[in-house]
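Structure file run-v4.cif with mmCIF, C-alpha atoms:
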```cif
data_structure
loop_
_atom_site.label_atom_id
_atom_site.label_comp_id
_atom_site.auth_asym_id
_atom_site.auth_seq_id
_atom_site.Cartn_x
_atom_site.Cartn_y
_atom_site.Cartn_z
CA MET T 1 116.25 86.86 162.05
CA VAL T 2 119.05 86.64 159.48
CA ILE T 3 116.81 84.57 157.18
CA LYS T 4 113.98 87.10 157.43
CA LEU T 5 116.41 89.94 156.65
CA LYS T 6 117.67 88.09 153.58
CA GLN T 7 114.10 87.45 152.45
CA HIS T 8 113.30 91.14 152.91
CA ARG T 9 116.34 92.17 150.89
CA THR T 10 115.44 89.71 148.15
CA MET T 11 111.90 91.09 147.99
CA VAL T 12 113.15 94.69 147.85
CA PHE T 13 115.63 93.76 145.13
CA GLY T 14 112.90 92.04 143.12
CA LEU T 15 110.56 95.01 143.39
CA SER T 16 113.37 97.31 142.36
CA LEU T 17 113.94 95.27 139.21
CA VAL T 18 110.23 95.42 138.38
CA LEU T 19 110.16 99.21 138.85
CA ILE T 20 113.28 99.65 136.72
CA GLY T 21 111.67 97.50 134.01
CA LEU T 22 108.48 99.60 134.06
CA VAL T 23 110.47 102.83 133.84
CA PHE T 24 112.46 101.47 130.91
CA LEU T 25 109.27 100.34 129.14
CA LEU T 26 107.60 103.74 129.59
CA TYR T 27 110.75 105.51 128.39
CA SER T 28 110.94 103.28 125.31
CA LEU T 29 107.31 103.94 124.41
CA PHE T 30 107.79 107.67 124.87
CA PHE T 31 110.97 107.66 122.81
CA MET T 32 109.35 105.74 119.96
CA ASP T 33 106.38 108.10 119.91
CA SER T 34 108.68 111.13 120.05
CA SER T 35 110.79 109.75 117.21
CA LEU T 36 107.71 109.31 115.02
CA HIS T 37 106.61 112.87 115.78
CA PHE T 38 110.11 114.03 114.86
CA PHE T 39 109.89 112.27 111.48
CA ARG T 40 106.45 113.80 110.88
CA ASP T 41 107.65 117.27 111.81
CA ALA T 42 110.82 116.92 109.73
CA THR T 43 108.83 116.13 106.60
CA SER T 44 105.69 118.14 107.33
CA SER T 45 106.26 120.73 104.60
CA ALA T 46 103.83 119.40 102.03
CA ALA T 47 104.45 120.24 98.39
CA PRO T 48 101.97 122.64 96.77
CA VAL T 49 99.46 120.83 94.56
CA THR T 50 99.53 121.84 90.91
CA PRO T 51 96.02 122.32 89.46
CA ILE T 52 94.84 119.76 86.90
CA ASP T 53 93.47 120.75 83.51
CA PRO T 54 90.84 118.10 82.63
CA LYS T 55 91.10 119.05 78.96
CA LYS T 56 94.74 117.99 78.76
CA PRO T 57 95.97 114.36 78.69
CA MET T 58 96.85 112.77 82.02
CA ILE T 59 98.21 109.48 83.30
CA ALA T 60 98.79 107.89 86.68
CA LEU T 61 102.19 106.41 87.43
CA THR T 62 101.86 103.75 90.14
CA PHE T 63 104.52 101.97 92.17
CA ASP T 64 104.07 98.73 94.11
CA ASP T 65 105.85 96.91 96.94
CA GLY T 66 107.69 99.78 98.67
CA PRO T 67 108.64 101.92 100.32
CA TYR T 68 112.35 101.56 99.53
CA ALA T 69 114.36 104.74 100.02
CA PRO T 70 117.12 104.22 97.38
CA SER T 71 114.43 104.02 94.69
CA THR T 72 111.37 105.75 96.15
CA CYS T 73 113.20 108.97 96.99
CA ARG T 74 114.68 109.25 93.50
CA ILE T 75 111.21 108.79 92.01
CA LEU T 76 109.81 111.55 94.23
CA GLU T 77 112.64 113.88 93.24
CA ALA T 78 112.01 113.26 89.54
CA LEU T 79 108.29 113.94 89.96
CA ASP T 80 108.93 117.09 91.95
CA LYS T 81 110.91 118.62 89.08
CA VAL T 82 107.77 118.74 86.91
CA HIS T 83 105.31 119.18 89.80
CA GLY T 84 104.01 115.67 89.15
CA ARG T 85 102.44 113.15 91.50
CA ALA T 86 102.07 109.38 91.59
CA THR T 87 100.41 106.64 93.63
CA PHE T 88 102.45 104.28 95.79
CA PHE T 89 100.88 100.96 96.81
CA VAL T 90 102.62 100.16 100.08
CA VAL T 91 103.12 96.75 101.70
CA GLY T 92 102.30 97.00 105.42
CA ASP T 93 105.08 94.83 106.82
CA ARG T 94 107.68 96.84 104.87
CA VAL T 95 106.81 100.09 106.64
CA LYS T 96 108.82 99.47 109.82
CA GLY T 97 112.22 101.11 109.54
CA ARG T 98 111.09 103.06 106.45
CA GLU T 99 108.78 105.51 108.16
CA GLU T 100 110.63 108.58 106.93
CA THR T 101 110.34 107.46 103.31
CA LEU T 102 106.61 106.87 103.72
CA LEU T 103 106.20 110.38 105.10
CA LYS T 104 108.11 111.79 102.14
CA ILE T 105 105.58 110.15 99.84
CA GLN T 106 102.72 111.64 101.81
CA ASN T 107 104.16 115.14 101.93
CA SER T 108 105.17 115.18 98.27
CA GLY T 109 101.51 115.36 97.26
CA SER T 110 101.57 111.78 95.99
CA GLU T 111 99.04 109.19 97.09
CA ILE T 112 99.38 106.07 99.27
CA GLY T 113 97.44 102.88 98.58
CA ASN T 114 97.12 99.57 100.43
CA HIS T 115 98.98 96.63 98.86
CA THR T 116 98.07 94.22 101.71
CA TYR T 117 100.12 93.63 104.84
CA ALA T 118 102.26 90.66 103.77
CA HIS T 119 102.08 90.86 99.95
CA VAL T 120 100.02 87.69 99.65
CA SER T 121 97.65 86.72 96.86
CA LEU T 122 94.05 87.50 97.80
CA ARG T 123 92.70 84.91 95.39
CA GLY T 124 90.94 82.12 97.24
CA LEU T 125 91.24 83.71 100.68
CA SER T 126 88.24 83.75 103.01
CA ASP T 127 86.45 87.00 103.81
CA GLY T 128 88.19 87.11 107.18
CA GLU T 129 91.63 86.55 105.68
CA VAL T 130 91.12 89.27 103.08
CA GLN T 131 89.92 91.70 105.73
CA GLU T 132 92.86 90.88 107.99
CA GLN T 133 95.40 91.58 105.23
CA LEU T 134 93.82 94.91 104.36
CA GLN T 135 93.19 95.98 107.96
CA LYS T 136 96.75 95.26 109.07
CA GLY T 137 98.03 97.10 106.01
CA ASP T 138 95.86 100.10 106.85
CA ASP T 139 97.02 100.03 110.48
CA ALA T 140 100.72 100.00 109.55
CA ILE T 141 100.35 102.95 107.17
CA ARG T 142 98.03 104.95 109.44
CA ALA T 143 100.41 104.54 112.40
CA VAL T 144 102.99 106.56 110.46
CA THR T 145 100.96 108.94 108.31
CA GLY T 146 97.91 109.43 110.51
CA GLN T 147 95.70 108.65 107.51
CA ASN T 148 94.10 105.57 105.96
CA PRO T 149 95.14 104.58 102.44
CA THR T 150 92.60 105.72 99.86
CA LEU T 151 92.94 102.84 97.39
CA VAL T 152 93.63 99.09 97.28
CA ARG T 153 95.70 97.05 94.84
CA PRO T 154 95.82 93.24 95.25
CA PRO T 155 99.34 91.81 94.79
CA GLY T 156 99.78 90.50 91.26
CA GLY T 157 96.26 91.71 90.49
CA ALA T 158 95.00 88.40 91.93
CA TYR T 159 91.67 88.44 93.76
CA SER T 160 88.34 86.68 94.17
CA GLU T 161 84.91 88.27 93.87
CA ASN T 162 84.62 88.58 97.65
CA LEU T 163 87.14 91.46 97.52
CA LEU T 164 84.71 93.50 95.42
CA CYS T 165 81.98 92.89 97.99
CA LEU T 166 84.09 93.56 101.09
CA GLU T 167 86.05 96.64 100.05
CA GLU T 168 84.51 100.10 99.71
CA ARG T 169 87.60 101.70 98.19
CA PRO T 170 88.46 101.52 94.48
CA ILE T 171 90.41 98.38 93.53
CA VAL T 172 93.18 99.55 91.22
CA PHE T 173 94.80 97.52 88.46
CA TRP T 174 96.69 98.89 85.43
CA SER T 175 96.51 99.44 81.68
CA VAL T 176 100.26 99.39 80.98
CA ASP T 177 102.45 96.77 82.67
CA THR T 178 106.15 97.59 82.38
CA MET T 179 107.24 94.19 83.78
CA ASP T 180 110.06 96.10 85.48
CA TRP T 181 110.22 93.57 88.33
CA SER T 182 111.10 90.84 85.82
CA HIS T 183 113.76 92.42 83.59
CA GLN T 184 114.97 95.22 85.92
CA ASN T 185 116.22 97.13 82.91
CA ALA T 186 115.63 100.88 82.80
CA GLN T 187 115.59 101.16 79.00
CA LYS T 188 113.04 98.36 78.63
CA THR T 189 110.78 100.09 81.13
CA VAL T 190 111.11 103.40 79.30
CA GLN T 191 110.36 101.82 75.93
CA LYS T 192 107.33 99.93 77.25
CA VAL T 193 105.77 103.12 78.57
CA LEU T 194 106.55 105.46 75.69
CA ARG T 195 105.37 102.99 73.05
CA ASN T 196 102.02 102.36 74.71
CA VAL T 197 101.02 105.33 76.85
CA LYS T 198 97.81 107.23 76.16
CA ASP T 199 95.45 109.55 78.00
CA GLY T 200 93.83 107.92 81.04
CA ASP T 201 96.39 105.13 81.45
CA ILE T 202 97.51 103.67 84.76
CA ILE T 203 101.15 102.57 84.54
CA LEU T 204 102.43 99.72 86.72
CA MET T 205 105.96 99.87 88.14
CA HIS T 206 107.70 98.82 91.36
CA ASP T 207 109.74 101.12 93.58
CA LEU T 208 111.71 98.21 95.06
CA PHE T 209 114.18 98.39 92.18
CA VAL T 210 116.79 101.06 91.45
CA PRO T 211 116.56 100.46 87.65
CA THR T 212 112.92 101.54 87.93
CA ALA T 213 114.01 104.82 89.52
CA GLU T 214 116.50 105.25 86.68
CA ALA T 215 113.69 104.69 84.18
CA VAL T 216 111.45 107.21 85.94
CA GLU T 217 114.20 109.84 85.76
CA ILE T 218 114.04 109.46 81.97
CA LEU T 219 110.29 108.99 81.67
CA VAL T 220 109.04 111.88 83.77
CA PRO T 221 110.62 114.74 81.79
CA GLU T 222 109.76 113.04 78.49
CA LEU T 223 106.12 112.46 79.45
CA HIS T 224 105.92 116.05 80.67
CA LYS T 225 107.41 117.22 77.35
CA ARG T 226 104.74 115.24 75.48
CA GLY T 227 102.04 117.09 77.40
CA PHE T 228 100.98 114.44 79.91
CA GLN T 229 99.93 115.54 83.37
CA LEU T 230 101.27 113.13 86.01
CA VAL T 231 98.46 112.68 88.52
CA THR T 232 97.40 110.31 91.28
CA VAL T 233 94.90 107.54 90.61
CA THR T 234 92.26 109.40 92.62
CA GLU T 235 92.81 112.53 90.54
CA LEU T 236 92.54 110.45 87.37
CA LEU T 237 89.22 109.01 88.57
CA GLU T 238 87.93 112.50 89.33
CA ASN T 239 88.80 113.79 85.86
CA ARG T 240 88.00 110.84 83.60
CA LYS T 241 84.52 109.32 83.48
CA GLU T 242 85.71 105.82 82.71
CA VAL T 243 88.95 104.21 83.86
CA SER T 244 88.80 100.54 82.88
CA ALA T 245 91.71 99.55 85.12
CA VAL T 246 89.72 100.33 88.29
CA LYS T 247 86.93 98.25 89.80
CA LEU T 248 84.41 99.41 92.39
CA LYS T 249 82.42 97.55 95.04
CA ASN T 250 79.73 95.20 93.76
CA LYS T 251 76.28 96.56 94.52
CA ALA T 252 73.72 94.15 95.99
#
```
As C-alpha coordinates, what does this structure read like?
Amino acid sequence: MVIKLKQHRTMVFGLSLVLIGLVFLLYSLFFMDSSLHFFRDATSSAAPVTPIDPKKPMIALTFDDGPYAPSTCRILEALDKVHGRATFFVVGDRVKGREETLLKIQNSGSEIGNHTYAHVSLRGLSDGEVQEQLQKGDDAIRAVTGQNPTLVRPPGGAYSENLLCLEERPIVFWSVDTMDWSHQNAQKTVQKVLRNVKDGDIILMHDLFVPTAEAVEILVPELHKRGFQLVTVTELLENRKEVSAVKLKNKA
(Lines of atoms letter the chains of each structure in order from A and count residues from 1; the text may use other names and numbers.)
(Lines give C-alpha, C1' and ligand atoms only; values in the text may rest on other atoms or scores of the structure.)
Protein backbone atom coordinates (compact mmCIF):
# COMPACT_ATOMS: atom_id res chain seq x y z
CA MET A 1 0.00 0.00 0.00
CA VAL A 2 2.85 2.37 0.88
CA ILE A 3 4.59 1.53 -2.41
CA LYS A 4 1.43 2.22 -4.42
CA LEU A 5 0.97 5.55 -2.61
CA LYS A 6 4.55 6.55 -3.42
CA GLN A 7 4.05 5.56 -7.05
CA HIS A 8 0.86 7.63 -7.18
CA ARG A 9 2.63 10.65 -5.69
CA THR A 10 5.49 10.26 -8.16
CA MET A 11 3.04 10.13 -11.07
CA VAL A 12 1.17 13.21 -9.83
CA PHE A 13 4.45 15.06 -9.35
CA GLY A 14 5.58 14.14 -12.86
CA LEU A 15 2.31 15.28 -14.42
CA SER A 16 2.54 18.52 -12.48
CA LEU A 17 5.99 19.19 -13.92
CA VAL A 18 4.70 18.53 -17.44
CA LEU A 19 1.77 20.91 -16.93
CA ILE A 20 4.04 23.61 -15.50
CA GLY A 21 6.35 23.18 -18.51
CA LEU A 22 3.45 23.56 -20.96
CA VAL A 23 2.20 26.67 -19.17
CA PHE A 24 5.69 28.18 -19.26
CA LEU A 25 6.06 27.37 -22.97
CA LEU A 26 2.70 28.94 -23.84
CA TYR A 27 3.54 32.02 -21.76
CA SER A 28 6.91 32.37 -23.48
CA LEU A 29 5.35 32.15 -26.94
CA PHE A 30 2.69 34.70 -25.99
CA PHE A 31 5.28 37.04 -24.50
CA MET A 32 7.51 36.87 -27.57
CA ASP A 33 4.57 37.56 -29.87
CA SER A 34 3.40 40.42 -27.65
CA SER A 35 6.90 41.90 -27.58
CA LEU A 36 7.07 41.87 -31.38
CA HIS A 37 3.68 43.57 -31.60
CA PHE A 38 4.94 46.15 -29.12
CA PHE A 39 7.97 46.89 -31.31
CA ARG A 40 5.72 47.17 -34.38
CA ASP A 41 3.30 49.49 -32.58
CA ALA A 42 6.13 51.60 -31.14
CA THR A 43 7.56 52.27 -34.59
CA SER A 44 4.36 52.18 -36.63
CA SER A 45 4.34 55.89 -37.46
CA ALA A 46 5.64 55.69 -41.02
CA ALA A 47 7.38 58.73 -42.44
CA PRO A 48 5.52 60.58 -45.21
CA VAL A 49 6.91 59.79 -48.67
CA THR A 50 8.30 62.76 -50.55
CA PRO A 51 7.23 62.80 -54.23
CA ILE A 52 9.93 62.13 -56.82
CA ASP A 53 10.54 64.44 -59.75
CA PRO A 54 11.71 62.19 -62.63
CA LYS A 55 13.24 65.21 -64.38
CA LYS A 56 15.70 65.81 -61.56
CA PRO A 57 18.81 63.69 -60.87
CA MET A 58 18.44 60.82 -58.41
CA ILE A 59 20.62 58.16 -56.84
CA ALA A 60 20.07 55.15 -54.61
CA LEU A 61 22.19 54.81 -51.50
CA THR A 62 22.37 51.13 -50.48
CA PHE A 63 23.65 49.53 -47.29
CA ASP A 64 24.61 45.88 -46.84
CA ASP A 65 25.08 43.46 -43.94
CA GLY A 66 22.92 45.08 -41.23
CA PRO A 67 20.92 45.92 -39.36
CA TYR A 68 23.26 47.41 -36.75
CA ALA A 69 21.67 50.07 -34.56
CA PRO A 70 24.74 52.25 -33.78
CA SER A 71 25.20 52.84 -37.52
CA THR A 72 21.81 52.13 -39.10
CA CYS A 73 19.90 54.54 -36.87
CA ARG A 74 22.34 57.38 -37.56
CA ILE A 75 21.96 56.78 -41.29
CA LEU A 76 18.17 56.91 -41.00
CA GLU A 77 18.35 60.15 -39.03
CA ALA A 78 20.59 61.75 -41.64
CA LEU A 79 18.22 60.71 -44.44
CA ASP A 80 15.19 61.96 -42.56
CA LYS A 81 16.62 65.49 -42.39
CA VAL A 82 16.37 65.82 -46.18
CA HIS A 83 13.34 63.52 -46.59
CA GLY A 84 15.57 60.97 -48.30
CA ARG A 85 15.31 57.21 -48.50
CA ALA A 86 17.72 54.34 -49.05
CA THR A 87 17.75 50.57 -49.52
CA PHE A 88 19.08 48.25 -46.81
CA PHE A 89 20.12 44.73 -47.80
CA VAL A 90 19.61 42.75 -44.61
CA VAL A 91 21.29 39.50 -43.57
CA GLY A 92 18.66 37.12 -42.16
CA ASP A 93 20.62 35.67 -39.26
CA ARG A 94 21.47 39.18 -38.03
CA VAL A 95 17.82 40.12 -37.51
CA LYS A 96 17.35 38.42 -34.13
CA GLY A 97 17.88 40.93 -31.34
CA ARG A 98 17.75 43.82 -33.83
CA GLU A 99 14.06 43.73 -34.61
CA GLU A 100 13.43 47.30 -33.51
CA THR A 101 16.13 48.62 -35.85
CA LEU A 102 14.65 46.67 -38.76
CA LEU A 103 11.25 48.18 -38.06
CA LYS A 104 12.78 51.66 -38.00
CA ILE A 105 14.10 51.03 -41.51
CA GLN A 106 10.68 49.91 -42.67
CA ASN A 107 8.81 52.82 -41.13
CA SER A 108 11.30 55.44 -42.32
CA GLY A 109 10.11 54.93 -45.90
CA SER A 110 13.35 53.18 -46.84
CA GLU A 111 13.41 49.79 -48.53
CA ILE A 112 14.51 46.36 -47.28
CA GLY A 113 16.26 43.84 -49.52
CA ASN A 114 17.38 40.24 -49.02
CA HIS A 115 21.14 39.74 -48.59
CA THR A 116 20.81 35.96 -47.95
CA TYR A 117 20.37 34.33 -44.56
CA ALA A 118 23.98 33.60 -43.62
CA HIS A 119 25.92 36.02 -45.86
CA VAL A 120 27.38 33.24 -47.99
CA SER A 121 28.58 33.44 -51.58
CA LEU A 122 25.91 32.19 -53.97
CA ARG A 123 28.47 31.36 -56.64
CA GLY A 124 28.59 27.63 -57.29
CA LEU A 125 25.68 26.77 -55.00
CA SER A 126 23.01 24.34 -56.20
CA ASP A 127 19.50 25.55 -56.98
CA GLY A 128 18.29 24.16 -53.66
CA GLU A 129 21.06 25.86 -51.68
CA VAL A 130 20.40 29.22 -53.34
CA GLN A 131 16.68 28.92 -52.67
CA GLU A 132 17.28 27.96 -49.04
CA GLN A 133 19.48 31.01 -48.41
CA LEU A 134 16.95 33.38 -49.94
CA GLN A 135 13.90 31.73 -48.38
CA LYS A 136 15.35 31.75 -44.88
CA GLY A 137 16.36 35.37 -45.37
CA ASP A 138 12.83 36.25 -46.47
CA ASP A 139 11.36 34.38 -43.49
CA ALA A 140 13.54 36.19 -40.95
CA ILE A 141 12.66 39.62 -42.34
CA ARG A 142 8.96 38.87 -42.85
CA ALA A 143 8.63 37.57 -39.27
CA VAL A 144 9.46 41.09 -38.04
CA THR A 145 8.11 43.41 -40.73
CA GLY A 146 5.18 41.37 -42.00
CA GLN A 147 6.43 41.88 -45.55
CA ASN A 148 8.75 40.09 -47.98
CA PRO A 149 11.89 41.90 -49.15
CA THR A 150 11.41 43.42 -52.60
CA LEU A 151 14.96 42.99 -53.91
CA VAL A 152 17.94 40.63 -53.70
CA ARG A 153 21.66 41.37 -53.50
CA PRO A 154 24.13 38.45 -53.47
CA PRO A 155 26.95 38.91 -50.93
CA GLY A 156 30.05 40.29 -52.62
CA GLY A 157 28.08 40.42 -55.87
CA ALA A 158 29.01 36.75 -56.37
CA TYR A 159 26.47 34.52 -58.12
CA SER A 160 25.99 31.87 -60.78
CA GLU A 161 23.53 32.02 -63.67
CA ASN A 162 21.06 29.83 -61.79
CA LEU A 163 20.24 32.82 -59.54
CA LEU A 164 18.92 34.73 -62.56
CA CYS A 165 16.69 31.79 -63.44
CA LEU A 166 15.41 31.09 -59.92
CA GLU A 167 14.73 34.59 -58.64
CA GLU A 168 11.82 36.74 -59.82
CA ARG A 169 12.93 39.87 -57.98
CA PRO A 170 15.53 42.31 -59.34
CA ILE A 171 19.12 41.32 -58.50
CA VAL A 172 20.83 44.51 -57.39
CA PHE A 173 24.53 45.31 -57.75
CA TRP A 174 26.12 48.79 -57.75
CA SER A 175 27.77 51.41 -59.94
CA VAL A 176 29.87 53.09 -57.22
CA ASP A 177 31.70 50.93 -54.68
CA THR A 178 32.94 52.96 -51.70
CA MET A 179 35.01 50.05 -50.30
CA ASP A 180 33.97 51.33 -46.87
CA TRP A 181 34.20 47.85 -45.36
CA SER A 182 37.91 47.73 -46.24
CA HIS A 183 39.24 51.13 -45.14
CA GLN A 184 36.51 52.12 -42.63
CA ASN A 185 37.43 55.75 -43.11
CA ALA A 186 34.62 58.29 -43.36
CA GLN A 187 36.55 60.80 -45.48
CA LYS A 188 37.58 58.16 -48.02
CA THR A 189 33.96 57.09 -48.37
CA VAL A 190 32.83 60.69 -48.85
CA GLN A 191 35.50 61.37 -51.47
CA LYS A 192 34.72 58.18 -53.39
CA VAL A 193 31.06 59.10 -53.70
CA LEU A 194 31.40 62.81 -54.47
CA ARG A 195 34.09 62.26 -57.11
CA ASN A 196 32.10 59.65 -59.01
CA VAL A 197 28.39 60.11 -58.42
CA LYS A 198 26.03 60.79 -61.31
CA ASP A 199 22.33 60.51 -62.06
CA GLY A 200 21.03 56.93 -61.84
CA ASP A 201 23.87 55.57 -59.72
CA ILE A 202 23.53 52.88 -57.07
CA ILE A 203 26.04 53.48 -54.26
CA LEU A 204 27.36 50.55 -52.22
CA MET A 205 28.02 51.00 -48.49
CA HIS A 206 27.72 48.87 -45.35
CA ASP A 207 25.76 49.85 -42.24
CA LEU A 208 27.83 47.54 -40.03
CA PHE A 209 30.43 50.28 -39.56
CA VAL A 210 30.13 53.52 -37.59
CA PRO A 211 32.59 55.35 -39.94
CA THR A 212 30.06 54.69 -42.71
CA ALA A 213 27.37 56.43 -40.67
CA GLU A 214 29.77 59.33 -40.15
CA ALA A 215 30.32 59.50 -43.91
CA VAL A 216 26.58 59.46 -44.59
CA GLU A 217 26.07 62.38 -42.20
CA ILE A 218 28.41 64.38 -44.46
CA LEU A 219 27.23 62.94 -47.77
CA VAL A 220 23.48 63.28 -47.42
CA PRO A 221 23.30 67.07 -46.98
CA GLU A 222 25.97 67.59 -49.66
CA LEU A 223 24.22 65.35 -52.18
CA HIS A 224 20.94 67.09 -51.39
CA LYS A 225 22.65 70.46 -51.91
CA ARG A 226 23.90 69.29 -55.32
CA GLY A 227 20.33 68.51 -56.34
CA PHE A 228 20.30 64.72 -56.04
CA GLN A 229 17.11 63.03 -54.90
CA LEU A 230 17.90 60.16 -52.51
CA VAL A 231 15.56 57.33 -53.48
CA THR A 232 15.18 53.59 -53.02
CA VAL A 233 16.37 51.16 -55.68
CA THR A 234 12.78 50.36 -56.61
CA GLU A 235 12.01 54.06 -57.05
CA LEU A 236 15.13 54.42 -59.20
CA LEU A 237 13.98 51.52 -61.40
CA GLU A 238 10.55 53.10 -61.77
CA ASN A 239 11.99 56.45 -62.88
CA ARG A 240 14.97 55.45 -65.02
CA LYS A 241 14.54 53.25 -68.09
CA GLU A 242 17.94 51.64 -67.81
CA VAL A 243 19.86 50.90 -64.62
CA SER A 244 22.90 48.83 -65.57
CA ALA A 245 23.62 47.74 -62.00
CA VAL A 246 20.41 45.68 -61.83
CA LYS A 247 19.77 42.31 -63.46
CA LEU A 248 16.38 40.70 -64.02
CA LYS A 249 15.30 37.07 -64.35
CA ASN A 250 16.46 35.26 -67.47
CA LYS A 251 13.56 34.58 -69.80
CA ALA A 252 13.27 31.09 -71.30
>> Show me, as a list in words, the residues that have an atom within 7 Å of Thr178 of chain T when counting all atoms listed in the file, minus same-chain residues fewer than 2 positions from it.
In response: Val176, Asp180, Thr189, Lys192, Val193, Leu204 and Met205 of chain T
> Hey, what comes out of the PyMOL selection byres ((chain T and resi 61) around 8) on this file? Could you write it as a list of chain:residue names?
Replying inline: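 With the shown file as input, the PyMOL selection byres ((chain T and resi 61) around 8) matches T:Ile59, T:Ala60, T:Thr62, T:Phe63, T:Arg85, T:Ala86, T:Thr87, T:Ile202, T:Ile203, T:Leu204, T:Met205, T:Leu230, T:Val231, T:Thr232.
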> Looking at all atoms listed in the file, which of T:Arg123, T:Arg195, T:Lys104, T:Arg226 is the one that sits closest to Gly156 of chain T?
Replying inline: T:Arg123
When you look at Arg153 of chain T with a cut-off of 10 Å (counting all atoms listed in the file), what residues show up, excluding the ones that are within fewer than 6 positions of it in the same chain? I need them as a PDB file with C-alpha atoms, keeping the file's coordinate frame.
```pdb
ATOM      1  CA  ASP T  64     104.070  98.730  94.110  1.00  0.00           C
ATOM      2  CA  PHE T  88     102.450 104.280  95.790  1.00  0.00           C
ATOM      3  CA  PHE T  89     100.880 100.960  96.810  1.00  0.00           C
ATOM      4  CA  VAL T  90     102.620 100.160 100.080  1.00  0.00           C
ATOM      5  CA  GLY T 113      97.440 102.880  98.580  1.00  0.00           C
ATOM      6  CA  ASN T 114      97.120  99.570 100.430  1.00  0.00           C
ATOM      7  CA  HIS T 115      98.980  96.630  98.860  1.00  0.00           C
ATOM      8  CA  THR T 116      98.070  94.220 101.710  1.00  0.00           C
ATOM      9  CA  LEU T 134      93.820  94.910 104.360  1.00  0.00           C
ATOM     10  CA  TYR T 159      91.670  88.440  93.760  1.00  0.00           C
ATOM     11  CA  ARG T 169      87.600 101.700  98.190  1.00  0.00           C
ATOM     12  CA  PRO T 170      88.460 101.520  94.480  1.00  0.00           C
ATOM     13  CA  ILE T 171      90.410  98.380  93.530  1.00  0.00           C
ATOM     14  CA  VAL T 172      93.180  99.550  91.220  1.00  0.00           C
ATOM     15  CA  PHE T 173      94.800  97.520  88.460  1.00  0.00           C
ATOM     16  CA  TRP T 174      96.690  98.890  85.430  1.00  0.00           C
ATOM     17  CA  VAL T 246      89.720 100.330  88.290  1.00  0.00           C
TER      18      VAL T 246
END
```
>> Once the PyMOL selection byres ((chain T and resi 163) around 12) is applied to the coordinates I shared, what remains selected? I want it as number ranges by chain.
In response: T: 121-134, 152-154, 157-162, 164-172, 247-250
>> Counting all atoms listed in the file, I want the residues whose atoms come within 12 Å of (105.2, 116.4, 79.8) in the file frame, returned as a PyMOL selection string.
In response: chain T and resi 56-59+79+81-84+194+218-231
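Taking only C-alpha atoms into account, Val91 of chain T lies nearest to T:Tyr117 out of the set T:Phe209, T:Tyr117, T:Tyr68, T:Trp181.
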